[in-house]
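K.L.:
Below is the file structure11.cif, with mmCIF, C-alpha atoms.
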```cif
data_work
loop_
_atom_site.label_atom_id
_atom_site.label_comp_id
_atom_site.auth_asym_id
_atom_site.auth_seq_id
_atom_site.Cartn_x
_atom_site.Cartn_y
_atom_site.Cartn_z
CA MET A 1 72.99 98.17 187.60
CA LYS A 2 72.55 96.09 190.69
CA PRO A 3 73.76 92.53 190.50
CA ASP A 4 70.83 90.21 190.40
CA ILE A 5 70.90 86.62 189.34
CA LEU A 6 67.47 86.86 187.75
CA GLU A 7 67.74 90.23 186.06
CA THR A 8 70.92 89.75 184.11
CA GLU A 9 71.56 91.31 180.74
CA HIS A 10 71.29 87.85 179.27
CA MET A 11 67.84 87.29 180.74
CA ARG A 12 66.65 90.69 179.61
CA LEU A 13 67.66 89.94 176.05
CA LEU A 14 66.07 86.51 176.07
CA ARG A 15 62.83 87.90 177.45
CA LYS A 16 62.77 90.60 174.84
CA ALA A 17 63.42 87.97 172.19
CA LEU A 18 60.39 85.99 173.34
CA VAL A 19 58.20 89.08 173.05
CA VAL A 20 59.59 90.00 169.65
CA TYR A 21 59.23 86.53 168.17
CA GLY A 22 55.74 86.21 169.60
CA LYS A 23 54.72 89.42 167.91
CA GLN A 24 56.35 88.34 164.67
CA HIS A 25 54.32 85.19 164.80
CA ARG A 26 51.11 87.12 165.29
CA ALA A 27 51.92 89.38 162.37
CA ILE A 28 52.57 86.37 160.12
CA ALA A 29 49.31 84.78 161.27
CA HIS A 30 47.52 87.98 160.38
CA ASN A 31 49.06 88.04 156.91
CA VAL A 32 48.16 84.43 156.20
CA ALA A 33 44.61 84.81 157.47
CA ASN A 34 43.95 87.81 155.25
CA ALA A 35 45.99 86.70 152.26
CA ASN A 36 43.04 86.17 149.95
CA ARG A 37 41.27 89.33 150.88
CA PRO A 38 41.16 91.65 147.89
CA GLY A 39 43.23 94.76 148.36
CA TYR A 40 44.91 93.47 151.50
CA LYS A 41 48.33 94.94 152.14
CA ARG A 42 50.90 92.80 153.89
CA VAL A 43 51.94 94.01 157.34
CA PRO A 44 55.64 93.96 158.22
CA THR A 45 56.67 90.83 160.10
CA ASP A 46 60.34 91.49 160.78
CA PHE A 47 60.94 93.19 164.09
CA SER A 48 64.50 91.97 164.54
CA ARG A 49 65.79 95.54 164.64
CA ILE A 50 64.38 95.84 168.14
CA LEU A 51 66.49 92.88 169.20
CA GLN A 52 69.59 94.33 167.60
CA ASP A 53 69.08 97.49 169.59
CA ALA A 54 68.58 95.48 172.76
CA ALA A 55 71.70 93.44 172.16
CA ARG A 56 73.86 96.45 171.47
CA PRO A 57 76.53 96.91 174.15
CA GLU A 58 76.90 100.05 176.20
CA LYS A 59 78.42 102.96 174.37
CA LEU A 60 82.12 103.43 175.05
CA LYS A 61 83.24 106.95 175.57
CA THR A 62 86.15 108.05 173.41
CA THR A 63 87.84 111.05 174.93
CA ARG A 64 91.10 110.64 173.10
CA GLU A 65 91.89 109.91 169.53
CA LYS A 66 93.48 106.57 170.28
CA HIS A 67 90.53 105.24 172.24
CA ILE A 68 88.61 102.49 170.61
CA GLY A 69 84.95 103.17 170.10
CA THR A 70 82.09 100.75 170.46
CA PRO A 71 82.43 98.09 167.82
CA ARG A 72 79.60 98.21 165.36
CA PRO A 73 77.54 95.10 165.27
CA VAL A 74 77.67 93.43 161.93
CA GLU A 75 74.40 93.89 160.18
CA GLY A 76 72.79 90.83 158.67
CA ALA A 77 73.61 89.66 155.19
CA ALA A 78 72.33 91.36 152.07
CA PRO A 79 69.13 93.21 152.91
CA VAL A 80 66.08 91.40 151.75
CA GLN A 81 63.90 93.52 149.55
CA SER A 82 61.06 94.85 151.60
CA THR A 83 57.68 93.61 150.53
CA ASP A 84 55.66 95.50 153.08
CA GLY A 85 52.42 96.73 151.63
CA ALA A 86 52.59 94.26 148.77
CA GLU A 87 50.38 91.27 148.24
CA VAL A 88 50.91 88.25 150.46
CA ASP A 89 53.19 85.57 149.08
CA PHE A 90 52.35 82.28 150.77
CA ALA A 91 55.78 80.76 150.23
CA ARG A 92 57.45 83.70 151.89
CA GLU A 93 55.08 83.77 154.83
CA MET A 94 55.56 80.05 155.37
CA THR A 95 59.37 80.32 155.37
CA ASP A 96 59.14 83.25 157.75
CA LEU A 97 56.84 81.16 159.91
CA ALA A 98 59.27 78.24 160.00
CA GLU A 99 62.22 80.47 160.75
CA ASN A 100 60.37 82.30 163.48
CA GLN A 101 59.33 79.01 165.00
CA ILE A 102 62.92 77.79 165.20
CA ARG A 103 64.07 81.06 166.70
CA TYR A 104 61.34 80.90 169.31
CA GLU A 105 62.33 77.35 170.16
CA PHE A 106 65.92 78.41 170.50
CA VAL A 107 65.03 81.17 172.94
CA THR A 108 62.84 78.92 175.07
CA ARG A 109 65.60 76.33 175.14
CA ALA A 110 68.19 78.93 176.15
CA LEU A 111 65.90 80.14 178.91
CA ASN A 112 65.42 76.56 180.05
CA ARG A 113 69.16 76.01 180.26
CA HIS A 114 69.58 79.24 182.13
CA PHE A 115 67.04 78.29 184.74
CA GLN A 116 68.52 74.81 185.00
CA MET A 117 71.91 76.30 185.74
CA LEU A 118 70.41 78.60 188.34
CA ASN A 119 68.73 75.60 189.87
CA ILE A 120 72.01 73.72 190.02
CA SER A 121 73.80 76.64 191.60
CA ILE A 122 71.06 77.00 194.19
CA THR A 123 70.59 73.38 195.13
CA GLY A 124 74.07 72.14 194.35
CA LYS A 125 72.55 69.12 192.67
CA PRO A 126 72.70 68.53 188.96
CA MET B 1 37.88 89.52 175.21
CA LYS B 2 41.22 90.96 174.38
CA THR B 3 44.29 88.89 174.80
CA GLY B 4 47.67 89.99 173.70
CA GLY B 5 49.66 86.83 174.07
CA ILE B 6 50.76 84.43 171.41
CA LEU B 7 47.54 82.47 171.65
CA SER B 8 45.62 85.39 170.20
CA ALA B 9 47.21 84.42 166.89
CA LEU B 10 44.84 81.45 167.08
CA ARG B 11 41.85 83.72 166.76
CA THR B 12 43.37 85.48 163.78
CA SER B 13 43.91 82.13 162.10
CA LEU B 14 40.40 81.07 163.02
CA HIS B 15 39.05 84.08 161.21
CA GLY B 16 41.06 83.09 158.17
CA LEU B 17 39.69 79.55 158.38
CA THR B 18 36.11 80.80 158.57
CA ALA B 19 36.61 83.06 155.59
CA GLN B 20 38.00 80.19 153.50
CA THR B 21 35.17 77.87 154.57
CA ARG B 22 32.60 80.45 153.51
CA ARG B 23 34.33 80.77 150.16
CA MET B 24 34.29 77.02 149.67
CA GLU B 25 30.60 76.89 150.54
CA ALA B 26 29.80 79.60 148.03
CA ILE B 27 31.92 77.91 145.36
CA SER B 28 30.33 74.51 145.82
CA GLU B 29 26.90 76.10 145.63
CA ASN B 30 27.91 77.89 142.44
CA ILE B 31 29.20 74.72 140.82
CA ALA B 32 26.11 72.77 141.86
CA ASN B 33 23.86 75.35 140.22
CA ALA B 34 26.03 76.16 137.21
CA GLU B 35 23.80 74.35 134.73
CA LYS B 36 20.50 75.17 136.36
CA VAL B 37 18.13 76.80 133.92
CA ALA B 38 15.78 79.60 134.88
CA ASP B 39 12.59 78.62 136.64
CA ARG B 40 9.09 79.32 135.30
CA SER B 41 9.10 82.95 136.43
CA GLY B 42 12.40 83.49 134.64
CA LYS B 43 14.52 83.76 137.77
CA VAL B 44 18.07 82.54 137.34
CA TYR B 45 20.41 81.37 140.11
CA ARG B 46 22.77 84.17 140.99
CA ARG B 47 26.44 83.55 141.42
CA LYS B 48 27.61 83.91 145.03
CA THR B 49 30.90 85.41 146.07
CA VAL B 50 32.38 86.08 149.47
CA VAL B 51 33.41 89.59 150.31
CA GLU B 52 35.49 90.37 153.35
CA SER B 53 35.11 93.90 154.48
CA GLY B 54 35.97 96.17 157.34
CA GLY B 55 38.59 95.28 159.88
CA THR B 56 41.01 97.78 161.25
CA THR B 57 44.42 98.23 159.75
CA PRO B 58 46.85 96.86 162.28
CA THR B 59 49.31 99.26 163.79
CA PRO B 60 52.93 98.23 164.09
CA PRO B 61 53.67 97.02 167.61
CA ARG B 62 55.68 99.07 170.04
CA PHE B 63 58.33 97.44 172.12
CA GLY B 64 58.47 99.80 175.03
CA ASP B 65 60.03 98.73 178.26
CA ASP B 66 56.83 99.09 180.22
CA MET B 67 57.26 95.46 181.24
CA MET B 68 59.86 96.70 183.67
CA LEU B 69 57.45 99.01 185.48
CA GLU B 70 57.87 98.96 189.17
CA LEU B 71 54.87 99.90 191.22
CA ARG B 72 55.12 100.94 194.79
CA ARG B 73 52.76 99.27 197.17
CA THR B 74 51.88 101.36 200.15
CA ARG B 75 48.73 99.51 201.12
CA PRO B 76 47.93 95.84 201.12
CA GLU B 77 45.02 96.40 198.71
CA HIS B 78 47.32 97.72 196.05
CA LEU B 79 47.92 95.47 193.14
CA SER B 80 51.34 94.13 192.55
CA PRO B 81 53.05 95.07 189.31
CA VAL B 82 51.64 93.24 186.36
CA GLU B 83 53.70 92.24 183.41
CA ARG B 84 52.17 94.28 180.68
CA ASP B 85 51.93 93.35 177.12
CA SER B 86 53.99 96.14 175.72
CA GLY B 87 52.15 97.67 172.82
CA ALA B 88 49.79 95.01 171.65
CA VAL B 89 49.15 94.92 167.95
CA ASP B 90 45.49 95.38 167.41
CA TYR B 91 44.84 92.41 165.20
CA ALA B 92 41.75 91.51 167.18
CA THR B 93 39.07 93.29 165.23
CA GLU B 94 38.56 91.40 162.05
CA GLY B 95 36.35 92.39 159.21
CA GLU B 96 33.08 90.68 158.60
CA ILE B 97 32.54 88.06 155.93
CA LYS B 98 29.59 88.66 153.68
CA VAL B 99 28.16 86.58 150.90
CA VAL B 100 26.98 88.69 147.99
CA GLU B 101 25.10 87.60 144.91
CA ILE B 102 26.08 88.79 141.50
CA ASN B 103 23.54 89.29 138.75
CA GLY B 104 24.33 87.79 135.41
CA GLU B 105 22.96 85.24 133.03
CA ARG B 106 23.97 83.65 129.81
CA LEU B 107 21.81 82.39 126.99
CA VAL B 108 22.40 78.86 125.81
CA TYR B 109 20.94 77.69 122.51
CA SER B 110 18.97 74.54 123.20
CA PRO B 111 15.79 74.45 121.12
CA THR B 112 14.68 71.05 122.40
CA HIS B 113 14.69 72.14 126.04
CA PRO B 114 11.15 72.48 127.49
CA ARG B 115 12.03 75.90 128.98
CA ALA B 116 13.45 77.30 125.75
CA ASP B 117 12.04 80.62 124.56
CA ALA B 118 10.73 81.37 121.08
CA ASP B 119 14.25 81.64 119.63
CA GLY B 120 15.35 78.37 121.24
CA PHE B 121 17.45 79.87 124.04
CA VAL B 122 17.46 78.92 127.73
CA LYS B 123 18.71 81.17 130.50
CA MET B 124 21.47 79.86 132.73
CA PRO B 125 23.46 81.54 135.50
CA ASP B 126 26.69 83.21 134.44
CA ILE B 127 29.04 80.74 136.09
CA ASN B 128 32.32 79.54 134.69
CA VAL B 129 33.04 76.20 136.32
CA VAL B 130 36.77 76.39 135.54
CA GLU B 131 36.98 79.74 137.29
CA GLU B 132 35.17 78.32 140.29
CA MET B 133 37.60 75.40 140.43
CA VAL B 134 40.56 77.76 140.46
CA ASP B 135 38.95 79.71 143.29
CA LEU B 136 38.36 76.45 145.10
CA ILE B 137 42.03 75.51 144.89
CA THR B 138 43.06 78.95 146.14
CA ALA B 139 40.68 78.64 149.05
CA THR B 140 41.98 75.16 149.89
CA ARG B 141 45.59 76.30 149.88
CA ALA B 142 44.79 79.31 152.03
CA TYR B 143 42.96 77.02 154.43
CA GLU B 144 45.98 74.73 154.64
CA ALA B 145 48.27 77.69 155.24
CA ASN B 146 46.10 78.79 158.14
CA ILE B 147 46.23 75.27 159.55
CA SER B 148 50.03 75.36 159.41
CA VAL B 149 50.03 78.65 161.27
CA ILE B 150 47.75 77.17 163.91
CA SER B 151 50.03 74.20 164.49
CA ALA B 152 52.98 76.57 164.73
CA THR B 153 51.11 78.68 167.27
CA LYS B 154 50.36 75.61 169.33
CA LEU B 155 53.98 74.58 169.25
CA LEU B 156 55.21 78.01 170.29
CA ALA B 157 52.73 78.15 173.12
CA ARG B 158 53.78 74.71 174.31
CA ARG B 159 57.44 75.71 174.22
CA ALA B 160 56.66 78.83 176.20
CA MET B 161 54.85 76.75 178.80
CA SER B 162 57.85 74.44 179.17
CA ILE B 163 60.26 77.18 180.20
#
```
Can the structure from this file be put into structure tokens for me?
P.N.:
Amino acid sequence: MKPDILETEHMRLLRKALVVYGKQHRAIAHNVANANRPGYKRVPTDFSRILQDAARPEKLKTTREKHIGTPRPVEGAAPVQSTDGAEVDFAREMTDLAENQIRYEFVTRALNRHFQMLNISITGKP
Amino acid sequence: MKTGGILSALRTSLHGLTAQTRRMEAISENIANAEKVADRSGKVYRRKTVVESGGTTPTPPRFGDDMMLELRRTRPEHLSPVERDSGAVDYATEGEIKVVEINGERLVYSPTHPRADADGFVKMPDINVVEEMVDLITATRAYEANISVISATKLLARRAMSI
């Protein structure tokens, strides 16, 4: 991979995160808007697996027994029971909404910091 | 118009808001006419309900890396690479909201009423006010939930603009 101050691994992950959280938000909005529709089945709103895949480090080759393999990322806490295809629970959607909002804010803030640092390194002024 | 960005969630929420408003309209009309007796020709007010129909089932989004597409430009007229919305979820097409009327009447014994029939019964629409109130509360809560989603969408969009 060519070294590029704008296309770092970090940036790639953050950009992906923005896309993922944006899509999560849209899915939640869809669930809430159709909640009272008879026979409506909830669409999945958790796409974090895509981020986990994106954040996974490069595979390490193990050619000998004593080589250490790629450490496995720790999966999240106890798996939440999937409610995809069930009826919409407002409380759940609202907590998901709040969580997603905070995550999105975090990513935008991280991106902001990143660009600020780039700016400092370019101009030499804080 | 098809937009894939986060602001398109606004339109989804707007659809939800419209649906809830229609429900509230139908409910208030039902409550207003709950005690209305049949007119001279024997026609009774018919209970209105809102039915949402149609709409495509959304497909799960894809997260391909087509954002990273690099296009070669050999002529000045060629377009520069566009950041694509990788695998938009098709939430855009919403179902339509229809108001349907339900037949049904109940007979109330009221021999002194001028419209009472020979046995002393008057015809009234088959509306349970308590049921309508419960529906009204559900509609209000759903409306509020949609409002919350809209404010969240606005906040996310604003954050994205401030990067």
K.L.:
Near Lys98 (chain B), within 9 Å and counting only C-alpha atoms, which residues show up once chain neighbours fewer than 5 positions away are dropped, as an MDAnalysis selection string?
P.N.:
chainID B and resid 22 49:53
K.L.:
Residues of chain A within 7 Å of chain B, counting only C-alpha atoms, what are they? List them as a PDB file with C-alpha atoms, in the coordinates of the input.
P.N.:
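Output below, filename selection.pdb:
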```
ATOM      1  CA  GLY A  22      55.740  86.210 169.600  1.00  0.00           C
ATOM      2  CA  ARG A  26      51.110  87.120 165.290  1.00  0.00           C
ATOM      3  CA  ALA A  29      49.310  84.780 161.270  1.00  0.00           C
ATOM      4  CA  HIS A  30      47.520  87.980 160.380  1.00  0.00           C
ATOM      5  CA  VAL A  32      48.160  84.430 156.200  1.00  0.00           C
ATOM      6  CA  ALA A  33      44.610  84.810 157.470  1.00  0.00           C
ATOM      7  CA  ASN A  34      43.950  87.810 155.250  1.00  0.00           C
ATOM      8  CA  ARG A  37      41.270  89.330 150.880  1.00  0.00           C
ATOM      9  CA  GLN A 101      59.330  79.010 165.000  1.00  0.00           C
ATOM     10  CA  TYR A 104      61.340  80.900 169.310  1.00  0.00           C
ATOM     11  CA  GLU A 105      62.330  77.350 170.160  1.00  0.00           C
ATOM     12  CA  THR A 108      62.840  78.920 175.070  1.00  0.00           C
ATOM     13  CA  LEU A 111      65.900  80.140 178.910  1.00  0.00           C
ATOM     14  CA  ASN A 112      65.420  76.560 180.050  1.00  0.00           C
TER      15      ASN A 112
END
```
K.L.:
Just how far from CA of Phe90 (chain A) is CA of Thr140 (chain B), in Å to one decimal?
P.N.:
12.6 Å
K.L.:
Do a neighbour search on region 44-50 of chain A at 7 Å with all atoms listed in the file, toss out local chain neighbours closer than 4 positions, and write the hits as a list in words.
P.N.:
Val20, Gln24, Ala27, Ile28, Ala54 and Asp84 of chain A
K.L.:
Expressed in Å to a single decimal, how great is the separation between CA of Val122 (chain B) and CA of Ala38 (chain B)?
P.N.:
7.4 Å
K.L.:
Using Å and a single decimal, report how far CA of Arg47 (chain B) sits from CA of Asp135 (chain B).
P.N.:
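CA of Arg47 (chain B) lies 13.2 Å from CA of Asp135 (chain B).
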K.L.:
Give me the residues near Ile5 (chain A) as a VMD selection string, where near means some atom within 12 Å (using only C-alpha atoms) and where sequence neighbours in that chain fewer than 6 positions away do not count.
P.N.:
chain A and resid 11 to 12 114 to 115 117 to 119 121 to 122
K.L.:
Would you kindly translate the PyMOL selection byres ((chain B and resi 125) around 6) into the concrete residues it picks from this file, as a PDB file with C-alpha atoms, in the coordinates of the input?
P.N.:
```
ATOM      1  CA  VAL B  44      18.070  82.540 137.340  1.00  0.00           C
ATOM      2  CA  TYR B  45      20.410  81.370 140.110  1.00  0.00           C
ATOM      3  CA  GLU B 105      22.960  85.240 133.030  1.00  0.00           C
ATOM      4  CA  MET B 124      21.470  79.860 132.730  1.00  0.00           C
ATOM      5  CA  ASP B 126      26.690  83.210 134.440  1.00  0.00           C
ATOM      6  CA  ILE B 127      29.040  80.740 136.090  1.00  0.00           C
TER       7      ILE B 127
END
```
K.L.:
Counting all atoms listed in the file, which of B:Arg40, B:Arg46, B:Lys123, B:Asn33 gets nearest to Ser110 (chain B)?
P.N.:
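Of all the options, B:Lys123 lies closest to Ser110 (chain B).
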K.L.:
Counting all atoms listed in the file, figure out which residue out of B:Arg72, B:Glu96, B:Asn103, B:Ile27 gets nearest to Lys43 (chain B).
P.N.:
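Nearest candidate to Lys43 (chain B) out of B:Arg72, B:Glu96, B:Asn103, B:Ile27: B:Asn103.
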